[in-house]
Structures are given as structure tokens and as C-alpha cells.
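Everything below belongs to work.cif, which stores mmCIF, C-alpha atoms.
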```cif
data_target
loop_
_atom_site.label_atom_id
_atom_site.label_comp_id
_atom_site.auth_asym_id
_atom_site.auth_seq_id
_atom_site.Cartn_x
_atom_site.Cartn_y
_atom_site.Cartn_z
CA MET A 1 -96.01 -19.55 133.56
CA ASP A 2 -98.26 -16.89 135.01
CA THR A 3 -96.06 -13.76 135.13
CA ASN A 4 -98.42 -11.93 137.55
CA TYR A 5 -96.70 -13.60 140.44
CA LYS A 6 -93.07 -13.41 139.35
CA SER A 7 -90.96 -12.25 142.24
CA LYS A 8 -90.29 -8.57 142.38
CA HIS A 9 -87.29 -9.11 144.56
CA ARG A 10 -84.61 -10.05 142.01
CA ASP A 11 -82.63 -7.05 143.09
CA THR A 12 -81.81 -8.91 146.28
CA LYS A 13 -79.88 -11.47 144.25
CA ASN A 14 -76.87 -9.22 143.97
CA PHE A 15 -76.64 -8.24 147.58
CA THR A 16 -74.04 -10.45 149.28
CA GLU A 17 -76.22 -13.50 149.92
CA ASN A 18 -76.14 -16.82 151.80
CA THR A 19 -74.82 -17.35 155.22
CA VAL A 20 -72.70 -19.57 157.35
CA ASN A 21 -74.12 -22.57 159.22
CA SER A 22 -74.08 -22.06 162.95
CA ASN A 23 -72.28 -25.42 163.38
CA ASN A 24 -69.41 -24.27 161.22
CA PHE A 25 -69.06 -20.62 162.10
CA SER A 26 -70.25 -18.97 165.28
CA VAL A 27 -71.32 -15.36 164.81
CA THR A 28 -73.21 -13.36 167.40
CA SER A 29 -76.05 -11.17 166.20
CA VAL A 30 -75.47 -7.46 166.50
CA VAL A 31 -78.08 -5.64 168.52
CA LYS A 32 -79.82 -2.89 166.61
CA ASN A 33 -79.14 0.56 167.94
CA LYS A 34 -81.89 2.55 169.60
CA SER A 35 -82.46 4.76 166.56
CA ASN A 36 -83.17 1.79 164.29
CA LYS A 37 -85.54 0.34 166.87
CA MET A 38 -87.48 3.60 167.05
CA LYS A 39 -87.72 3.71 163.26
CA GLU A 40 -88.97 0.14 163.14
CA LYS A 41 -91.57 0.82 165.84
CA PHE A 42 -92.75 3.96 164.06
CA LEU A 43 -93.05 2.00 160.81
CA LYS A 44 -95.29 -0.59 162.49
CA ILE A 45 -97.51 2.10 164.04
CA PHE A 46 -97.77 3.88 160.69
CA THR A 47 -98.68 0.66 158.92
CA PHE A 48 -101.36 -0.07 161.51
CA LEU A 49 -102.92 3.38 161.14
CA ILE A 50 -102.90 3.39 157.36
CA PHE A 51 -103.74 -0.21 156.55
CA GLY A 52 -105.49 -1.37 159.72
CA ILE A 53 -102.85 -4.00 160.42
CA GLY A 54 -102.57 -5.09 164.00
CA PHE A 55 -99.25 -5.94 165.56
CA SER A 56 -100.34 -9.55 165.91
CA GLN A 57 -100.72 -11.69 162.82
CA THR A 58 -102.51 -15.00 162.95
CA PRO A 59 -100.62 -17.87 161.28
CA ILE A 60 -102.70 -19.87 158.82
CA SER A 61 -102.04 -22.87 156.61
CA LEU A 62 -102.50 -22.70 152.86
CA GLU A 63 -105.47 -25.06 152.92
CA SER A 64 -107.25 -23.02 155.60
CA ALA A 65 -106.52 -19.80 153.74
CA ILE A 66 -108.09 -21.19 150.57
CA ASN A 67 -111.18 -22.40 152.43
CA LYS A 68 -111.67 -19.03 154.13
CA ALA A 69 -111.20 -17.19 150.85
CA LEU A 70 -113.80 -19.36 149.12
CA ASP A 71 -116.26 -18.38 151.87
CA ASN A 72 -115.44 -14.67 152.08
CA ASN A 73 -113.76 -13.46 148.89
CA LEU A 74 -115.77 -10.66 147.27
CA ALA A 75 -115.20 -11.93 143.72
CA ILE A 76 -116.60 -15.32 144.73
CA LYS A 77 -119.59 -13.65 146.37
CA ASP A 78 -120.15 -11.70 143.17
CA GLY A 79 -120.05 -14.92 141.16
CA THR A 80 -122.54 -16.55 143.55
CA LEU A 81 -124.93 -13.62 143.14
CA ARG A 82 -124.67 -13.92 139.36
CA VAL A 83 -125.65 -17.57 139.62
CA GLN A 84 -128.68 -16.60 141.69
CA TYR A 85 -129.56 -13.90 139.15
CA GLN A 86 -129.45 -16.35 136.24
CA GLU A 87 -131.52 -18.83 138.22
CA LYS A 88 -134.25 -16.23 138.70
CA MET A 89 -134.03 -15.20 135.05
CA GLN A 90 -134.99 -18.68 133.88
CA ARG A 91 -138.57 -17.95 134.95
CA SER A 92 -138.73 -15.12 132.40
CA ALA A 93 -138.53 -17.43 129.40
CA THR A 94 -142.27 -17.52 128.66
CA VAL A 95 -142.97 -13.80 128.57
CA ILE A 96 -146.50 -13.36 127.18
CA ASP A 97 -147.46 -10.18 125.37
CA PRO A 98 -149.78 -7.88 127.37
CA LEU A 99 -153.52 -8.56 127.30
CA MET A 100 -155.15 -5.83 125.21
CA ILE A 101 -158.46 -4.43 126.48
CA SER A 102 -160.25 -1.75 124.50
CA GLY A 103 -163.65 -0.04 124.55
CA GLU A 104 -165.83 1.95 122.13
CA ILE A 105 -168.91 4.14 122.52
CA GLY A 106 -170.88 6.03 119.90
CA GLN A 107 -173.36 5.73 117.02
CA MET A 108 -171.92 2.57 115.56
CA ASN A 109 -175.14 0.86 114.35
CA SER A 110 -177.93 3.48 114.33
CA ALA A 111 -178.78 6.96 115.48
CA TYR A 112 -178.66 5.70 119.01
CA VAL A 113 -175.53 5.43 121.17
CA ASP A 114 -174.08 1.96 121.56
CA ASN A 115 -171.04 0.67 123.44
CA LYS A 116 -168.51 -2.06 122.84
CA PHE A 117 -165.55 -3.60 124.61
CA SER A 118 -162.95 -6.02 123.27
CA VAL A 119 -160.26 -8.29 124.75
CA SER A 120 -157.39 -9.68 122.64
CA GLN A 121 -154.21 -11.62 123.27
CA THR A 122 -151.17 -12.31 121.05
CA ILE A 123 -149.39 -15.62 121.59
CA ARG A 124 -146.38 -17.36 120.05
CA LEU A 125 -145.82 -20.94 119.04
CA PRO A 126 -144.23 -23.19 121.72
CA LYS A 127 -141.03 -23.31 119.62
CA PHE A 128 -140.43 -19.61 120.31
CA TYR A 129 -140.78 -19.92 124.08
CA ASN A 130 -138.74 -23.11 124.24
CA SER A 131 -135.85 -21.45 122.39
CA GLN A 132 -135.88 -18.52 124.84
CA LYS A 133 -135.96 -20.95 127.74
CA LYS A 134 -132.99 -22.82 126.27
CA VAL A 135 -130.91 -19.62 126.10
CA LEU A 136 -131.59 -18.78 129.73
CA ALA A 137 -130.86 -22.35 130.83
CA GLU A 138 -127.49 -22.29 129.03
CA GLU A 139 -126.63 -18.90 130.55
CA TYR A 140 -127.46 -20.27 134.00
CA LYS A 141 -125.11 -23.20 133.43
CA ASN A 142 -122.46 -20.78 132.22
CA SER A 143 -122.75 -18.66 135.39
CA MET A 144 -122.09 -21.76 137.51
CA LEU A 145 -119.09 -22.69 135.37
CA GLN A 146 -117.77 -19.14 135.58
CA LEU A 147 -118.02 -19.38 139.36
CA ASP A 148 -115.95 -22.57 139.20
CA VAL A 149 -113.36 -20.72 137.10
CA HIS A 150 -113.24 -17.88 139.66
CA LYS A 151 -112.68 -20.40 142.44
CA TRP A 152 -109.97 -22.13 140.41
CA GLN A 153 -108.22 -18.81 139.79
CA LEU A 154 -108.54 -17.80 143.45
CA LYS A 155 -106.96 -21.04 144.66
CA LYS A 156 -104.03 -20.55 142.31
CA GLU A 157 -103.63 -16.88 143.23
CA ILE A 158 -103.60 -17.58 146.96
CA SER A 159 -101.13 -20.44 146.48
CA LEU A 160 -98.77 -18.17 144.54
CA ILE A 161 -98.93 -15.40 147.14
CA TYR A 162 -98.49 -17.93 149.94
CA ASN A 163 -95.37 -19.24 148.21
CA GLU A 164 -94.13 -15.67 147.83
CA LEU A 165 -94.57 -15.03 151.55
CA LYS A 166 -92.60 -18.15 152.45
CA TYR A 167 -89.93 -17.13 149.95
CA LEU A 168 -89.68 -13.67 151.53
CA ASP A 169 -89.34 -15.26 154.96
CA GLU A 170 -86.46 -17.37 153.66
CA LYS A 171 -84.81 -14.32 152.09
CA LYS A 172 -85.25 -12.50 155.38
CA LYS A 173 -83.31 -15.23 157.16
CA LEU A 174 -80.48 -14.92 154.67
CA LEU A 175 -80.40 -11.13 154.97
CA LYS A 176 -80.40 -11.27 158.75
CA LYS A 177 -77.49 -13.69 158.73
CA ALA A 178 -75.66 -11.52 156.21
CA ASP A 179 -76.36 -8.46 158.36
CA SER A 180 -74.99 -10.28 161.41
CA ILE A 181 -71.82 -11.39 159.61
CA PHE A 182 -71.14 -8.00 158.06
CA SER A 183 -71.85 -6.21 161.34
CA GLN A 184 -69.31 -8.45 163.04
CA TYR A 185 -66.88 -7.79 160.21
CA TYR A 186 -67.45 -4.03 160.56
CA LYS A 187 -66.70 -4.14 164.28
CA ARG A 188 -63.46 -5.98 163.61
CA ALA A 189 -62.48 -3.55 160.85
CA GLU A 190 -63.22 -0.60 163.13
CA LEU A 191 -61.10 -2.13 165.88
CA ARG A 192 -58.26 -2.93 163.48
CA LEU A 193 -58.32 0.67 162.24
CA LYS A 194 -58.02 2.01 165.79
CA LYS A 195 -55.03 -0.27 166.40
CA GLY A 196 -53.43 0.80 163.13
CA GLU A 197 -53.67 -2.67 161.62
CA SER A 198 -55.77 -1.57 158.63
CA ASN A 199 -56.71 1.51 156.63
CA LEU A 200 -59.91 3.48 156.06
CA LEU A 201 -60.67 1.53 152.87
CA GLU A 202 -61.23 -1.70 154.79
CA LYS A 203 -63.50 0.05 157.29
CA ALA A 204 -65.44 1.77 154.48
CA THR A 205 -65.87 -1.56 152.68
CA ALA A 206 -67.15 -3.21 155.85
CA GLU A 207 -69.55 -0.37 156.55
CA ASN A 208 -70.90 -0.48 152.99
CA LEU A 209 -71.52 -4.23 153.16
CA ARG A 210 -73.36 -3.88 156.46
CA SER A 211 -75.42 -0.91 155.23
CA GLN A 212 -76.44 -2.74 152.04
CA ALA A 213 -77.67 -5.72 154.03
CA GLU A 214 -79.68 -3.46 156.34
CA LEU A 215 -81.23 -1.53 153.44
CA GLN A 216 -82.23 -4.69 151.64
CA LEU A 217 -83.68 -6.12 154.83
CA ASN A 218 -85.84 -3.00 155.30
CA ALA A 219 -86.95 -3.15 151.66
CA LEU A 220 -87.85 -6.81 152.04
CA GLU A 221 -89.99 -6.03 155.10
CA LYS A 222 -91.98 -3.54 153.05
CA ASP A 223 -92.37 -6.03 150.21
CA ARG A 224 -93.65 -8.58 152.69
CA GLU A 225 -96.23 -6.14 154.03
CA ILE A 226 -97.48 -5.57 150.47
CA ALA A 227 -97.74 -9.31 149.89
CA LEU A 228 -99.60 -9.74 153.18
CA GLN A 229 -102.06 -7.05 152.14
CA LYS A 230 -102.80 -8.95 148.91
CA PHE A 231 -103.07 -12.20 150.84
CA ASN A 232 -105.58 -10.85 153.37
CA PHE A 233 -107.53 -8.97 150.71
CA LEU A 234 -108.21 -12.30 149.01
CA ILE A 235 -109.22 -14.00 152.30
CA ASN A 236 -111.35 -11.05 153.46
CA ASP A 237 -112.71 -12.34 156.77
CA GLY A 238 -111.69 -9.48 159.07
CA THR A 239 -108.66 -11.18 160.66
CA PHE A 240 -105.13 -10.38 159.57
CA TYR A 241 -103.32 -13.58 158.66
CA GLN A 242 -99.78 -14.54 157.81
CA ASN A 243 -98.27 -17.72 156.44
CA ASP A 244 -97.12 -20.47 158.75
CA LYS A 245 -93.42 -20.86 159.54
CA GLU A 246 -92.87 -24.36 158.24
CA LYS A 247 -89.64 -25.14 156.42
CA TYR A 248 -89.46 -23.80 152.89
CA THR A 249 -89.15 -26.83 150.63
CA VAL A 250 -90.16 -28.05 147.19
CA LEU A 251 -93.94 -28.47 146.88
CA ASP A 252 -95.60 -31.71 145.87
CA ILE A 253 -96.60 -32.02 142.23
CA ASN A 254 -99.69 -33.89 141.03
CA ASN A 255 -99.95 -36.16 138.00
CA LEU A 256 -96.91 -34.86 136.18
CA GLY A 257 -96.67 -36.08 132.59
CA GLU A 258 -96.13 -34.87 129.05
CA ASN A 259 -99.68 -35.74 127.92
CA PHE A 260 -102.07 -32.89 128.67
CA SER A 261 -105.40 -32.30 126.96
CA GLY A 262 -106.34 -29.10 128.76
CA ASN A 263 -107.76 -27.95 132.05
CA PRO A 264 -111.29 -29.39 132.41
CA ILE A 265 -112.62 -26.35 134.29
CA ILE A 266 -111.57 -23.87 131.61
CA LEU A 267 -112.57 -26.11 128.72
CA LYS A 268 -116.04 -26.72 130.17
CA GLN A 269 -116.61 -22.99 130.41
CA LEU A 270 -115.41 -22.43 126.82
CA GLU A 271 -117.61 -25.31 125.64
CA GLN A 272 -120.56 -23.72 127.42
CA GLU A 273 -119.98 -20.48 125.51
CA LYS A 274 -120.48 -22.49 122.33
CA ASN A 275 -123.73 -23.91 123.72
CA ILE A 276 -124.97 -20.40 124.51
CA GLN A 277 -124.30 -19.14 120.99
CA ASN A 278 -126.01 -22.20 119.48
CA ALA A 279 -129.06 -21.60 121.66
CA LYS A 280 -129.13 -17.91 120.71
CA LEU A 281 -129.08 -18.83 117.02
CA LEU A 282 -132.14 -21.04 117.46
CA ALA A 283 -133.84 -18.26 119.43
CA GLU A 284 -133.23 -15.75 116.63
CA LYS A 285 -134.57 -18.19 114.04
CA SER A 286 -137.69 -18.76 116.13
CA LYS A 287 -138.55 -15.08 115.75
CA LEU A 288 -139.42 -15.80 112.12
CA THR A 289 -142.26 -18.09 113.17
CA PRO A 290 -145.80 -16.65 112.95
CA SER A 291 -147.66 -15.27 115.94
CA PHE A 292 -151.37 -15.67 116.67
CA ASN A 293 -153.98 -13.29 118.00
CA ILE A 294 -157.27 -14.24 119.58
CA GLY A 295 -159.99 -11.83 120.74
CA TYR A 296 -163.50 -11.43 122.15
CA ASN A 297 -165.97 -8.59 121.42
CA ASN A 298 -169.13 -7.62 123.30
CA MET A 299 -171.41 -4.78 122.13
CA SER A 300 -174.89 -3.33 122.52
CA MET A 301 -177.28 -2.46 119.66
CA TYR A 302 -180.36 -0.19 119.83
CA GLY A 303 -183.05 -0.06 117.11
CA THR A 304 -183.07 -1.93 113.85
CA GLY A 305 -181.68 0.71 111.51
CA ALA A 306 -180.38 4.21 111.09
CA ASP A 307 -183.81 5.95 111.40
CA ASP A 308 -185.57 3.35 113.54
CA LYS A 309 -187.32 4.70 116.60
CA PHE A 310 -186.17 3.69 120.03
CA TYR A 311 -188.66 1.40 121.71
CA GLU A 312 -186.60 -0.76 124.01
CA ARG A 313 -183.01 -1.70 124.78
CA SER A 314 -181.74 -4.47 122.61
CA ALA A 315 -179.75 -7.48 123.82
CA ARG A 316 -175.93 -7.47 123.79
CA PHE A 317 -174.15 -9.21 120.93
CA HIS A 318 -170.95 -11.25 121.09
CA SER A 319 -168.23 -12.13 118.60
CA GLY A 320 -164.81 -13.73 118.52
CA MET A 321 -161.68 -13.04 116.49
CA VAL A 322 -158.65 -15.06 115.42
CA GLY A 323 -155.66 -13.55 113.58
CA ILE A 324 -152.16 -14.55 112.48
CA GLY A 325 -149.00 -12.42 112.31
CA LEU A 326 -146.66 -13.28 109.46
CA PRO A 327 -143.04 -11.92 109.49
CA VAL A 328 -143.20 -10.82 105.88
CA PHE A 329 -140.70 -7.96 106.23
CA ASN A 330 -137.96 -10.02 107.84
CA SER A 331 -134.73 -8.85 106.20
CA ALA A 332 -133.53 -7.23 109.44
CA GLN A 333 -134.13 -10.40 111.44
CA LYS A 334 -132.35 -12.48 108.84
CA SER A 335 -129.33 -10.17 109.22
CA VAL A 336 -129.41 -10.80 112.96
CA ILE A 337 -129.42 -14.54 112.28
CA GLU A 338 -126.41 -14.28 109.97
CA ALA A 339 -124.57 -12.20 112.57
CA GLN A 340 -125.35 -14.80 115.22
CA LYS A 341 -123.78 -17.47 113.03
CA ILE A 342 -120.56 -15.47 113.22
CA ASN A 343 -120.85 -15.49 117.00
CA GLN A 344 -120.99 -19.26 116.76
CA GLN A 345 -117.74 -19.26 114.84
CA ILE A 346 -116.16 -16.91 117.38
CA ALA A 347 -117.12 -19.22 120.24
CA GLU A 348 -115.69 -22.21 118.39
CA ASN A 349 -112.48 -20.31 117.65
CA ASN A 350 -112.19 -19.24 121.29
CA TYR A 351 -112.50 -22.86 122.36
CA GLN A 352 -109.76 -23.97 119.98
CA LEU A 353 -107.57 -21.04 121.00
CA GLY A 354 -108.11 -21.65 124.71
CA SER A 355 -107.32 -25.33 124.35
CA LEU A 356 -104.14 -24.58 122.41
CA GLN A 357 -103.04 -21.94 124.93
CA LEU A 358 -103.55 -24.34 127.85
CA LYS A 359 -101.49 -27.04 126.14
CA ASN A 360 -98.76 -24.54 125.25
CA GLN A 361 -98.69 -23.18 128.80
CA TYR A 362 -98.42 -26.68 130.22
CA THR A 363 -95.58 -27.59 127.84
CA GLN A 364 -93.63 -24.48 128.82
CA ASN A 365 -94.20 -25.13 132.51
CA PHE A 366 -93.25 -28.79 132.12
CA ASN A 367 -89.94 -27.86 130.47
CA LEU A 368 -89.23 -25.19 133.11
CA TYR A 369 -90.05 -27.71 135.82
CA GLN A 370 -87.47 -30.14 134.48
CA LYS A 371 -84.86 -27.39 134.13
CA LEU A 372 -85.40 -26.00 137.63
CA THR A 373 -85.53 -29.48 139.15
CA ASP A 374 -82.05 -30.14 137.80
CA GLU A 375 -80.78 -26.84 139.22
CA ILE A 376 -82.36 -27.48 142.62
CA SER A 377 -80.85 -30.97 142.65
CA TYR A 378 -77.39 -29.49 142.02
CA TYR A 379 -77.72 -26.96 144.83
CA GLN A 380 -79.02 -29.53 147.29
CA LYS A 381 -76.33 -32.12 146.49
CA THR A 382 -73.33 -29.88 145.81
CA GLY A 383 -73.93 -26.14 145.74
CA LEU A 384 -75.04 -25.56 149.33
CA ALA A 385 -72.24 -27.73 150.68
CA ASN A 386 -69.73 -25.76 148.61
CA SER A 387 -71.19 -22.53 149.96
CA GLU A 388 -70.70 -23.62 153.55
CA SER A 389 -67.17 -24.80 152.79
CA ILE A 390 -66.23 -21.54 151.06
CA LEU A 391 -67.65 -19.43 153.87
CA LYS A 392 -66.04 -21.46 156.61
CA THR A 393 -62.64 -21.48 154.90
CA ALA A 394 -62.79 -17.77 154.07
CA ASN A 395 -63.56 -16.84 157.67
CA ASN A 396 -60.85 -19.08 159.08
CA GLN A 397 -58.21 -17.74 156.69
CA TYR A 398 -59.25 -14.13 157.19
CA TYR A 399 -59.19 -14.25 160.97
CA ASN A 400 -55.88 -16.14 160.85
CA GLY A 401 -54.41 -13.45 158.60
CA GLU A 402 -53.92 -15.73 155.60
CA ILE A 403 -56.05 -13.57 153.25
CA ASN A 404 -56.86 -9.85 153.22
CA TYR A 405 -60.28 -8.26 153.48
CA LEU A 406 -60.69 -7.92 149.70
CA GLU A 407 -60.17 -11.63 149.19
CA TRP A 408 -62.48 -12.37 152.13
CA THR A 409 -65.20 -10.15 150.68
CA LEU A 410 -64.96 -11.85 147.29
CA LEU A 411 -65.21 -15.33 148.81
CA VAL A 412 -68.04 -14.44 151.19
CA ASN A 413 -70.04 -12.84 148.39
CA GLN A 414 -69.53 -15.96 146.28
CA ALA A 415 -70.78 -18.17 149.13
CA PHE A 416 -73.80 -15.93 149.72
CA GLU A 417 -74.66 -15.91 146.02
CA ILE A 418 -74.92 -19.70 145.91
CA GLU A 419 -77.49 -19.92 148.69
CA ASN A 420 -79.36 -16.88 147.45
CA LYS A 421 -79.66 -18.37 143.95
CA TYR A 422 -80.86 -21.62 145.48
CA THR A 423 -83.65 -19.75 147.29
CA ASP A 424 -84.62 -17.89 144.11
CA ARG A 425 -84.72 -21.10 142.08
CA LEU A 426 -86.75 -22.80 144.78
CA LYS A 427 -89.31 -20.02 144.60
CA GLU A 428 -89.46 -20.27 140.81
CA LEU A 429 -89.82 -24.04 140.95
CA ASN A 430 -92.68 -23.83 143.46
CA ASP A 431 -94.43 -21.24 141.28
CA ILE A 432 -94.16 -23.64 138.33
CA ILE A 433 -95.47 -26.52 140.44
CA ILE A 434 -98.46 -24.39 141.51
CA GLU A 435 -99.16 -23.58 137.85
CA ILE A 436 -98.91 -27.22 136.80
CA ASN A 437 -101.09 -28.42 139.68
CA ALA A 438 -103.68 -25.79 138.76
CA LEU A 439 -103.66 -26.78 135.08
CA LYS A 440 -104.15 -30.43 136.02
CA SER A 441 -106.81 -29.66 138.63
CA ASP A 442 -110.48 -30.44 138.02
CA ASN A 443 -111.94 -28.63 141.03
#
```
What do you get writing this file as C-alpha cells?
Amino acid sequence: MDTNYKSKHRDTKNFTENTVNSNNFSVTSVVKNKSNKMKEKFLKIFTFLIFGIGFSQTPISLESAINKALDNNLAIKDGTLRVQYQEKMQRSATVIDPLMISGEIGQMNSAYVDNKFSVSQTIRLPKFYNSQKKVLAEEYKNSMLQLDVHKWQLKKEISLIYNELKYLDEKKKLLKKADSIFSQYYKRAELRLKKGESNLLEKATAENLRSQAELQLNALEKDREIALQKFNFLINDGTFYQNDKEKYTVLDINNLGENFSGNPIILKQLEQEKNIQNAKLLAEKSKLTPSFNIGYNNMSMYGTGADDKFYERSARFHSGMVGIGLPVFNSAQKSVIEAQKINQQIAENNYQLGSLQLKNQYTQNFNLYQKLTDEISYYQKTGLANSESILKTANNQYYNGEINYLEWTLLVNQAFEIENKYTDRLKELNDIIIEINALKSDN
């Protein structure tokens, strides 16, 4: 399981979680005092000034968020530019050595001054140029596959953050309900203290429970702003988005099964790395092939000998030249070839390692999925119902005077913990489902 998107909010597990269903227990929400409202308003203004966040946030579905990110994400744009770069580079495969032009003037043939100019060109065998072209073609294919990998990673990353945002919204609901219940409890404790029906310890306990819920709610709001920043950084289209408010449920899972041969996107890219190293080895070997040089000379010649008198200008004379370059001193190039063979082995090892890691990751996620599915099933069938029953009974007995505030606190905390753990497990399960769906995805 990808640990980059593990929830950083485990500390909220121990707060006094869960809440009572409105059909079973009617609790009125406590209105925030003016000081808290001013603090909240100041926090929003500060966030807007520092991060450029407007007060309005546009809801967006996960699918739309992924599509917008694929169009606007800077990492994807970088990958697209790299593809374009490699496409242009393919035209550089047949780089021809510069055409050499030289000239001479002086007493080359007699006492008289002659002149000469030459043109020569070095060329390689077609095998050399084809091997270079093959390397560039394989690197171009690799750039496209790397872009596919970036897109695959981006889709998974956005899905994980989107799930985190929905999880934080669900935790916020629980904290608000807890804050409402504990605020109501605090008001009752304060009233009972004034009437002499309780002591300061009960009031202090009630105030502490309410304060803890408020502090955790404020901390959660900040965590949500951080997650939203990550979310909108990935989308990067100038509008500030938030997740939709649909019910937080278990995500759909695709093609679940124990047999898994590896993610095709990742394996294709690793396979392409092998192709690149194979092409580079052939290119290095081609450098041991001979090169050829062809040339043309044109020169003047006055007189017929060293002491011949000058009577008239002679005609110009022509000649051609053909040469061959043999890599006789090639020990350095042979070392390069041997080193490239090691690169081949590294690419093969990376493929085997990547394949094994993907299978191992899938096996771990598959086992976690089964474990969390069982836990979620328990909570949905039994746990949540028990939580509501405990909370309802505790409130009825407390307000009827059948239990004291310490017993009420213990029971309410127990009821809250059940629903809070359910929400945490649901988040973990959805993260696992996102990982499994990504591993099984081919696009």
C-alpha cells in the first residue's frame, strides 16, 4: 500500500468519537460565540491572502478532476514536452561529419606560384547510422511510455487525495456532532452546579470534553485546507475546487482476484528500458566499423620543371582521393562495449525487480482488502447499531439519573469510538481499493 497517502489524522481516533442518530436522540447545536466566529473569519481571510484561496470553492467530481489534471498538470506538460523533444531528436540520427575544404598556394611544382584547393568528406557505413537511429527511436518510445506512467501516477494520486477529502468531511461531521453533544452536556453540568446538584469535577469534565472536540475540529479544518491545496495543485487550472458532497461509501473495485502478473503500464516502461540498452549496445559496437573518406583536388601548374621559363599559364589539373579509417586502437571502445553489457544486465534486473515488487504490492493489498472488508462488514451489520444503542441508552439513563456523569462519559466515548473506527477503516479500505484498481489498470 502506498504510504504517501496514509491519513495523518489518527490522533482524532482517541477524541470521543461517533454520534447519536437524530431519530434516537435529539440534540440542538450550540451556537458558536462571537469570539470563535471572529477567529474563524480571520482564519479564512488569512488563508485567502496567503494561499490565494477564495471563499467559494467549486465542487468537482473525481472523474472531472482527473480529466482537468491530465490537461493542466505541470508534470504532465513536462512529460509531453519531453515526448516532443525526443521526436525532434530522431532527425539527428544521420549526423554526417563536416565537409572539409582546404586550399594551398605556393611553389609546389616549379619556381612559379601555383594554387590548389581540395574538398573531402568522411562517411560511415549504413550500419552505424541505423544503430544511432534505433537508439533515438527507442528513447522516443520510452518518453511516451514515461508519459503514460506519469498519467497513471497522477490518476492514483488524485484519487487518494479525493478519498482523503471525503474522509475529512466525514470526520468533520462526527466532530461537529460530538461538539454539539458535549456542549449540551456542559450546559447541563453548569446548570446542575449552580443548583448544587453536582460538583466542580463534573463541570470541569464537561468543559474538557467540549474543548477537546472544538480543538480537534479546528485542527481538522486546517488539515483539510492542506489537502485541498495538494488537490488543486495537481489540477492546476486556476479555479479552486473541492470534492463533491456525496455519501462516503466503499468504492467499487475492478477485477479483483489473486492472479496478478503486474501492471501493464509499468512493465511496458521497464521493458522499454531493456530495449534502449540493447540498442545502445549495438550502437557502441557499430563504432568499431571502418569509416571512409572521399576527396577531390584541383590545382594549377606553371612551367614544366623547376628552372623552366614561364611562357604561358598551364591548364588546371584534377585528382580524386579515396581513404578508409580503421579503428586499430580500439581498446577504449571495447571497454565501453563491455560496460554497456552491464547496463543491459541492470535493465533486465530492474524489470525482474519491478515485476516482483508489483506482485508483492498487489498481494499485500489483496490481503489488506480482505481484512478491512471483514471489519467494515462487522461495523455495518453490528458495530454501528451497537453504537447507536449505547449512546441512546447512556443518554436516557444519565438524564433520568440512573447513572452518574463518569459512567455516562465512559459509555459515550465507547459509542463514539465505534463510529470513529468505522470511518477510519472505511478510509483505509478505499485507499486499498484505489491502489488495487491502479495496479490492475492498463490506462
Pick from A:Lys268, A:Ala332, A:Lys203, A:Ala219: nearest to A:Leu191, with all atoms listed in the file counted?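 Of A:Lys268, A:Ala332, A:Lys203, A:Ala219, the one nearest A:Leu191, counting all atoms listed in the file, is A:Lys203.
Those residues that approach A:Ile253 to within 10 Å, counting only C-alpha atoms, are Asn430, Ile432, Ile433, Ile434, Glu435, Ile436, Asn437 and Lys440 of chain A; same-chain residues fewer than 5 positions away are not listed.
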Could you tell me how far atom CA of A:Glu63 sits from atom CA of A:Tyr241, in Å to one decimal place? 13.0 Å
I want to know what sits within 6 Å of stretch 279-289 of chain A, based on only C-alpha atoms, with residues of the same chain fewer than 6 positions away left out; could you give that as a list in words?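 Returned residues: Phe128, Ser131, Gln132, Val135, Pro327, Ile337 and Gln340 of chain A.
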Using all atoms listed in the file, give me every residue within 10 Å of (-85.0, -9.0, 160.2) in file coordinates, as JSON, numbers by chain. {"A": [169, 171, 172, 173, 174, 175, 176, 177, 179, 214, 216, 217, 218, 220, 221]}
I'd like the interatomic distance between atom CA of A:Gln380 and atom CA of A:Lys166, to a tenth of an Å. 18.5 Å
Give me, as a ChimeraX atom specification, all polymer residues having an atom no more than 8 Å from stretch 404-411 of chain A, counting all atoms listed in the file and skipping those fewer than 2 positions away in the same chain. /A:202,390-391,394-395,398,401-402,413-415
Which residue of A:Asn109, A:His318, A:Tyr162, A:Thr94 approaches A:Tyr129 most closely, using only C-alpha atoms: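 Going through A:Asn109, A:His318, A:Tyr162, A:Thr94 one by one, the smallest distance to A:Tyr129 is for A:Thr94.
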Would you translate the PyMOL selection byres ((chain A and resi 443) around 9) into the concrete set of residues it matches in this file, as a JSON list (two decimals) with C-alpha atoms, keeping the file's coordinate frame?
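And here is the file that came out, expr.json:
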```json
[["chain", "number", "residue", "atom", "x", "y", "z"],
["A", 148, "ASP", "CA", -115.95, -22.57, 139.20],
["A", 149, "VAL", "CA", -113.36, -20.72, 137.10],
["A", 151, "LYS", "CA", -112.68, -20.40, 142.44],
["A", 152, "TRP", "CA", -109.97, -22.13, 140.41],
["A", 264, "PRO", "CA", -111.29, -29.39, 132.41],
["A", 265, "ILE", "CA", -112.62, -26.35, 134.29],
["A", 441, "SER", "CA", -106.81, -29.66, 138.63],
["A", 442, "ASP", "CA", -110.48, -30.44, 138.02]]
```
Of the residues A:Ser92, A:Leu165, A:Tyr378, A:Glu271, which is the one nearest to A:Leu145, using only C-alpha atoms?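 Checking each candidate against A:Leu145, we get A:Glu271 as the closest.
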What separation in Å, quoted to one decimal, exists between atom CA of A:Glu138 and atom CA of A:Asn349? 18.9 Å
